[in-house]
Amino acid sequence: MQVTVYRSSVKDGLYVYLGEEIAIDSLPAPVLKQLGVPEKALEFDLTDDRKLPNANTEEVIDAVKSQGFYVQMPRDIESILEQLSKEGTLPRKS
């Protein structure tokens, strides 16, 4: 299956995988908002045996087949928050 991957200009680590039959402007409004100005990252043939660095290949294929797209969020957000907490750089509640 041919997919195009777009990078968010708003949220670091957010990517959207689109099936070839889906136009970027047909994504749901909340997804488009999180993308900001979408930046085309790459195009490739996604197969069952292809390893993706930050997403489960089977989940991506299933989502693209069923809804036309897959949204990838950063997986390591918890570790980032933990590190920021240790460094004392997290905002504090007033």
# chains A, B, ... in the order shown; residues from 1 in each chain; ligands from 1
call {"tool": "residues_around", "arguments": {"residues": "A:Tyr15", "least_positions_apart": "5", "cutoff": "10 Å", "atoms": "only C-alpha atoms", "output": "ChimeraX atom specification"}}
result
/A:5-9,34-35,38-41,70-74
call {"tool": "select_by_dssp", "arguments": {"residues": "chain A", "states": "alpha helix (DSSP H)", "output": "VMD selection string"}}
result
chain A and resid 29 to 35 57 to 67 77 to 87
call {"tool": "write_last_selection", "arguments": {"atoms": "N, CA and C atoms", "output": "PDB file, in the first residue's frame"}}
result
ATOM      1  N   ALA A  29     -11.096  18.043  10.963  1.00  0.00           N
ATOM      2  CA  ALA A  29     -10.613  19.365  11.386  1.00  0.00           C
ATOM      3  C   ALA A  29      -9.646  19.308  12.572  1.00  0.00           C
ATOM      4  N   PRO A  30      -9.907  18.495  13.621  1.00  0.00           N
ATOM      5  CA  PRO A  30      -8.951  18.457  14.743  1.00  0.00           C
ATOM      6  C   PRO A  30      -7.560  17.952  14.337  1.00  0.00           C
ATOM      7  N   VAL A  31      -7.520  17.021  13.393  1.00  0.00           N
ATOM      8  CA  VAL A  31      -6.225  16.513  12.918  1.00  0.00           C
ATOM      9  C   VAL A  31      -5.511  17.606  12.126  1.00  0.00           C
ATOM     10  N   LEU A  32      -6.241  18.287  11.259  1.00  0.00           N
ATOM     11  CA  LEU A  32      -5.646  19.367  10.473  1.00  0.00           C
ATOM     12  C   LEU A  32      -5.110  20.469  11.379  1.00  0.00           C
ATOM     13  N   LYS A  33      -5.839  20.775  12.444  1.00  0.00           N
ATOM     14  CA  LYS A  33      -5.399  21.812  13.389  1.00  0.00           C
ATOM     15  C   LYS A  33      -4.062  21.420  14.021  1.00  0.00           C
ATOM     16  N   GLN A  34      -3.923  20.146  14.412  1.00  0.00           N
ATOM     17  CA  GLN A  34      -2.686  19.677  15.033  1.00  0.00           C
ATOM     18  C   GLN A  34      -1.527  19.631  14.039  1.00  0.00           C
ATOM     19  N   LEU A  35      -1.847  19.493  12.761  1.00  0.00           N
ATOM     20  CA  LEU A  35      -0.796  19.469  11.733  1.00  0.00           C
ATOM     21  C   LEU A  35      -0.247  20.861  11.452  1.00  0.00           C
ATOM     22  N   THR A  57       3.511  -1.299  12.597  1.00  0.00           N
ATOM     23  CA  THR A  57       3.161  -1.421  11.180  1.00  0.00           C
ATOM     24  C   THR A  57       1.740  -1.932  10.991  1.00  0.00           C
ATOM     25  N   GLU A  58       1.354  -2.948  11.743  1.00  0.00           N
ATOM     26  CA  GLU A  58       0.014  -3.519  11.613  1.00  0.00           C
ATOM     27  C   GLU A  58      -1.064  -2.490  11.951  1.00  0.00           C
ATOM     28  N   GLU A  59      -0.854  -1.699  13.007  1.00  0.00           N
ATOM     29  CA  GLU A  59      -1.819  -0.664  13.380  1.00  0.00           C
ATOM     30  C   GLU A  59      -1.938   0.400  12.301  1.00  0.00           C
ATOM     31  N   VAL A  60      -0.807   0.784  11.719  1.00  0.00           N
ATOM     32  CA  VAL A  60      -0.818   1.796  10.661  1.00  0.00           C
ATOM     33  C   VAL A  60      -1.587   1.278   9.452  1.00  0.00           C
ATOM     34  N   ILE A  61      -1.288   0.069   9.027  1.00  0.00           N
ATOM     35  CA  ILE A  61      -1.975  -0.515   7.868  1.00  0.00           C
ATOM     36  C   ILE A  61      -3.471  -0.622   8.129  1.00  0.00           C
ATOM     37  N   ASP A  62      -3.858  -1.128   9.301  1.00  0.00           N
ATOM     38  CA  ASP A  62      -5.282  -1.255   9.631  1.00  0.00           C
ATOM     39  C   ASP A  62      -5.989   0.092   9.604  1.00  0.00           C
ATOM     40  N   ALA A  63      -5.372   1.118  10.190  1.00  0.00           N
ATOM     41  CA  ALA A  63      -5.995   2.445  10.225  1.00  0.00           C
ATOM     42  C   ALA A  63      -6.110   3.050   8.837  1.00  0.00           C
ATOM     43  N   VAL A  64      -5.058   2.921   8.046  1.00  0.00           N
ATOM     44  CA  VAL A  64      -5.100   3.483   6.692  1.00  0.00           C
ATOM     45  C   VAL A  64      -6.153   2.772   5.851  1.00  0.00           C
ATOM     46  N   LYS A  65      -6.263   1.455   6.009  1.00  0.00           N
ATOM     47  CA  LYS A  65      -7.283   0.712   5.257  1.00  0.00           C
ATOM     48  C   LYS A  65      -8.692   1.083   5.697  1.00  0.00           C
ATOM     49  N   SER A  66      -8.908   1.250   7.001  1.00  0.00           N
ATOM     50  CA  SER A  66     -10.263   1.484   7.504  1.00  0.00           C
ATOM     51  C   SER A  66     -10.693   2.945   7.447  1.00  0.00           C
ATOM     52  N   GLN A  67      -9.779   3.889   7.736  1.00  0.00           N
ATOM     53  CA  GLN A  67     -10.198   5.291   7.764  1.00  0.00           C
ATOM     54  C   GLN A  67      -9.425   6.194   6.807  1.00  0.00           C
ATOM     55  N   ILE A  77       6.563  10.486  25.373  1.00  0.00           N
ATOM     56  CA  ILE A  77       6.147  11.691  26.092  1.00  0.00           C
ATOM     57  C   ILE A  77       6.294  11.523  27.609  1.00  0.00           C
ATOM     58  N   GLU A  78       6.001  10.310  28.132  1.00  0.00           N
ATOM     59  CA  GLU A  78       6.112  10.094  29.571  1.00  0.00           C
ATOM     60  C   GLU A  78       7.555  10.249  30.039  1.00  0.00           C
ATOM     61  N   SER A  79       8.484   9.691  29.279  1.00  0.00           N
ATOM     62  CA  SER A  79       9.895   9.807  29.672  1.00  0.00           C
ATOM     63  C   SER A  79      10.377  11.249  29.560  1.00  0.00           C
ATOM     64  N   ILE A  80       9.873  11.981  28.596  1.00  0.00           N
ATOM     65  CA  ILE A  80      10.241  13.387  28.459  1.00  0.00           C
ATOM     66  C   ILE A  80       9.732  14.174  29.662  1.00  0.00           C
ATOM     67  N   LEU A  81       8.475  13.932  30.047  1.00  0.00           N
ATOM     68  CA  LEU A  81       7.907  14.629  31.196  1.00  0.00           C
ATOM     69  C   LEU A  81       8.655  14.280  32.483  1.00  0.00           C
ATOM     70  N   GLU A  82       9.023  13.020  32.628  1.00  0.00           N
ATOM     71  CA  GLU A  82       9.774  12.596  33.809  1.00  0.00           C
ATOM     72  C   GLU A  82      11.120  13.314  33.867  1.00  0.00           C
ATOM     73  N   GLN A  83      11.803  13.399  32.739  1.00  0.00           N
ATOM     74  CA  GLN A  83      13.092  14.074  32.695  1.00  0.00           C
ATOM     75  C   GLN A  83      12.942  15.558  33.013  1.00  0.00           C
ATOM     76  N   LEU A  84      11.923  16.202  32.461  1.00  0.00           N
ATOM     77  CA  LEU A  84      11.696  17.615  32.746  1.00  0.00           C
ATOM     78  C   LEU A  84      11.390  17.836  34.220  1.00  0.00           C
ATOM     79  N   SER A  85      10.636  16.912  34.812  1.00  0.00           N
ATOM     80  CA  SER A  85      10.302  16.993  36.229  1.00  0.00           C
ATOM     81  C   SER A  85      11.568  16.907  37.080  1.00  0.00           C
ATOM     82  N   LYS A  86      12.464  15.981  36.734  1.00  0.00           N
ATOM     83  CA  LYS A  86      13.725  15.830  37.470  1.00  0.00           C
ATOM     84  C   LYS A  86      14.586  17.089  37.354  1.00  0.00           C
ATOM     85  N   GLU A  87      14.525  17.711  36.179  1.00  0.00           N
ATOM     86  CA  GLU A  87      15.325  18.917  35.962  1.00  0.00           C
ATOM     87  C   GLU A  87      14.681  20.150  36.571  1.00  0.00           C
TER      88      GLU A  87
END
call {"tool": "closest_residue", "arguments": {"among": "A:Val37, A:Asn56, A:Asp49, A:Phe44", "to": "A:Gly19", "atoms": "only C-alpha atoms"}}
result
A:Phe44
call {"tool": "atom_distance", "arguments": {"atom1": "atom CA of A:Lys51", "atom2": "atom CA of A:Glu20"}}
result
19.6 Å
call {"tool": "atom_distance", "arguments": {"atom1": "atom CA of A:Gly13", "atom2": "atom CA of A:Met1"}}
result
23.0 Å
call {"tool": "select_by_dssp", "arguments": {"residues": "chain A", "states": "strand (DSSP E)", "output": "ChimeraX atom specification"}}
result
/A:2-7,15-19,39-45,69-72
call {"tool": "write_last_selection", "arguments": {"atoms": "C-alpha atoms", "output": "mmCIF file, in the first residue's frame"}}
result
data_model
loop_
_atom_site.group_PDB
_atom_site.id
_atom_site.type_symbol
_atom_site.label_atom_id
_atom_site.label_comp_id
_atom_site.auth_asym_id
_atom_site.auth_seq_id
_atom_site.Cartn_x
_atom_site.Cartn_y
_atom_site.Cartn_z
ATOM 1 C CA GLN A 2 1.346 3.384 -1.001
ATOM 2 C CA VAL A 3 1.376 5.975 1.819
ATOM 3 C CA THR A 4 2.432 9.586 2.149
ATOM 4 C CA VAL A 5 3.680 10.801 5.515
ATOM 5 C CA TYR A 6 3.216 14.401 6.647
ATOM 6 C CA ARG A 7 5.026 16.041 9.571
ATOM 7 C CA TYR A 15 3.027 12.526 11.827
ATOM 8 C CA VAL A 16 0.055 11.554 9.669
ATOM 9 C CA TYR A 17 0.209 8.584 7.294
ATOM 10 C CA LEU A 18 -2.219 8.981 4.379
ATOM 11 C CA GLY A 19 -3.437 6.352 1.967
ATOM 12 C CA GLU A 39 5.143 19.225 5.674
ATOM 13 C CA LYS A 40 5.477 16.247 3.339
ATOM 14 C CA ALA A 41 8.091 13.981 4.918
ATOM 15 C CA LEU A 42 8.133 10.973 2.587
ATOM 16 C CA GLU A 43 6.246 8.511 0.399
ATOM 17 C CA PHE A 44 6.762 4.768 0.421
ATOM 18 C CA ASP A 45 5.172 1.366 -0.092
ATOM 19 C CA PHE A 69 -5.115 7.770 7.637
ATOM 20 C CA TYR A 70 -3.109 7.087 10.798
ATOM 21 C CA VAL A 71 -1.916 9.681 13.325
ATOM 22 C CA GLN A 72 1.421 8.995 15.023
#
call {"tool": "closest_residue", "arguments": {"among": "A:Glu21, A:Lys11, A:Asp48, A:Ala55", "to": "A:Gly36", "atoms": "only C-alpha atoms"}}
result
A:Lys11
call {"tool": "decode", "arguments": {"residues": "chain A", "atoms": "C-alpha atoms", "output": "mmCIF file, in the first residue's frame"}}
result
data_model
loop_
_atom_site.group_PDB
_atom_site.id
_atom_site.type_symbol
_atom_site.label_atom_id
_atom_site.label_comp_id
_atom_site.auth_asym_id
_atom_site.auth_seq_id
_atom_site.Cartn_x
_atom_site.Cartn_y
_atom_site.Cartn_z
ATOM 1 C CA MET A 1 0.000 0.000 0.000
ATOM 2 C CA GLN A 2 1.346 3.384 -1.001
ATOM 3 C CA VAL A 3 1.376 5.975 1.819
ATOM 4 C CA THR A 4 2.432 9.586 2.149
ATOM 5 C CA VAL A 5 3.680 10.801 5.515
ATOM 6 C CA TYR A 6 3.216 14.401 6.647
ATOM 7 C CA ARG A 7 5.026 16.041 9.571
ATOM 8 C CA SER A 8 3.263 18.553 11.815
ATOM 9 C CA SER A 9 4.577 22.103 11.908
ATOM 10 C CA VAL A 10 2.826 22.567 15.258
ATOM 11 C CA LYS A 11 3.436 19.398 17.309
ATOM 12 C CA ASP A 12 6.935 17.957 17.345
ATOM 13 C CA GLY A 13 6.816 14.202 16.716
ATOM 14 C CA LEU A 14 3.303 14.190 15.227
ATOM 15 C CA TYR A 15 3.027 12.526 11.827
ATOM 16 C CA VAL A 16 0.055 11.554 9.669
ATOM 17 C CA TYR A 17 0.209 8.584 7.294
ATOM 18 C CA LEU A 18 -2.219 8.981 4.379
ATOM 19 C CA GLY A 19 -3.437 6.352 1.967
ATOM 20 C CA GLU A 20 -3.064 7.289 -1.688
ATOM 21 C CA GLU A 21 -6.808 7.838 -2.133
ATOM 22 C CA ILE A 22 -7.041 10.454 0.663
ATOM 23 C CA ALA A 23 -6.339 14.167 0.175
ATOM 24 C CA ILE A 24 -4.666 15.976 3.057
ATOM 25 C CA ASP A 25 -7.447 18.589 3.196
ATOM 26 C CA SER A 26 -10.083 15.858 3.715
ATOM 27 C CA LEU A 27 -8.705 14.950 7.164
ATOM 28 C CA PRO A 28 -10.911 15.747 10.178
ATOM 29 C CA ALA A 29 -10.613 19.365 11.386
ATOM 30 C CA PRO A 30 -8.951 18.457 14.743
ATOM 31 C CA VAL A 31 -6.225 16.513 12.918
ATOM 32 C CA LEU A 32 -5.646 19.367 10.473
ATOM 33 C CA LYS A 33 -5.399 21.812 13.389
ATOM 34 C CA GLN A 34 -2.686 19.677 15.033
ATOM 35 C CA LEU A 35 -0.796 19.469 11.733
ATOM 36 C CA GLY A 36 -0.668 23.222 11.225
ATOM 37 C CA VAL A 37 1.052 23.605 7.871
ATOM 38 C CA PRO A 38 1.651 19.960 6.916
ATOM 39 C CA GLU A 39 5.143 19.225 5.674
ATOM 40 C CA LYS A 40 5.477 16.247 3.339
ATOM 41 C CA ALA A 41 8.091 13.981 4.918
ATOM 42 C CA LEU A 42 8.133 10.973 2.587
ATOM 43 C CA GLU A 43 6.246 8.511 0.399
ATOM 44 C CA PHE A 44 6.762 4.768 0.421
ATOM 45 C CA ASP A 45 5.172 1.366 -0.092
ATOM 46 C CA LEU A 46 3.997 0.145 3.325
ATOM 47 C CA THR A 47 4.019 -3.630 3.584
ATOM 48 C CA ASP A 48 3.430 -6.023 6.493
ATOM 49 C CA ASP A 49 7.135 -6.780 6.793
ATOM 50 C CA ARG A 50 8.307 -3.156 6.851
ATOM 51 C CA LYS A 51 9.524 -1.914 10.239
ATOM 52 C CA LEU A 52 8.500 1.593 11.249
ATOM 53 C CA PRO A 53 10.666 3.431 13.782
ATOM 54 C CA ASN A 54 7.901 4.830 16.018
ATOM 55 C CA ALA A 55 4.700 3.060 15.036
ATOM 56 C CA ASN A 56 3.311 -0.452 14.858
ATOM 57 C CA THR A 57 3.161 -1.421 11.180
ATOM 58 C CA GLU A 58 0.014 -3.519 11.613
ATOM 59 C CA GLU A 59 -1.819 -0.664 13.380
ATOM 60 C CA VAL A 60 -0.818 1.796 10.661
ATOM 61 C CA ILE A 61 -1.975 -0.515 7.868
ATOM 62 C CA ASP A 62 -5.282 -1.255 9.631
ATOM 63 C CA ALA A 63 -5.995 2.445 10.225
ATOM 64 C CA VAL A 64 -5.100 3.483 6.692
ATOM 65 C CA LYS A 65 -7.283 0.712 5.257
ATOM 66 C CA SER A 66 -10.263 1.484 7.504
ATOM 67 C CA GLN A 67 -10.198 5.291 7.764
ATOM 68 C CA GLY A 68 -7.670 6.401 5.170
ATOM 69 C CA PHE A 69 -5.115 7.770 7.637
ATOM 70 C CA TYR A 70 -3.109 7.087 10.798
ATOM 71 C CA VAL A 71 -1.916 9.681 13.325
ATOM 72 C CA GLN A 72 1.421 8.995 15.023
ATOM 73 C CA MET A 73 2.080 10.825 18.288
ATOM 74 C CA PRO A 74 5.421 10.841 20.119
ATOM 75 C CA ARG A 75 5.691 7.592 22.112
ATOM 76 C CA ASP A 76 8.174 8.808 24.644
ATOM 77 C CA ILE A 77 6.147 11.691 26.092
ATOM 78 C CA GLU A 78 6.112 10.094 29.571
ATOM 79 C CA SER A 79 9.895 9.807 29.672
ATOM 80 C CA ILE A 80 10.241 13.387 28.459
ATOM 81 C CA LEU A 81 7.907 14.629 31.196
ATOM 82 C CA GLU A 82 9.774 12.596 33.809
ATOM 83 C CA GLN A 83 13.092 14.074 32.695
ATOM 84 C CA LEU A 84 11.696 17.615 32.746
ATOM 85 C CA SER A 85 10.302 16.993 36.229
ATOM 86 C CA LYS A 86 13.725 15.830 37.470
ATOM 87 C CA GLU A 87 15.325 18.917 35.962
ATOM 88 C CA GLY A 88 12.693 21.144 37.584
ATOM 89 C CA THR A 89 11.709 22.675 34.250
ATOM 90 C CA LEU A 90 8.039 21.644 34.277
ATOM 91 C CA PRO A 91 5.590 24.493 34.828
ATOM 92 C CA ARG A 92 4.225 24.507 38.369
ATOM 93 C CA LYS A 93 0.593 24.860 39.303
ATOM 94 C CA SER A 94 -0.201 28.135 41.025
#
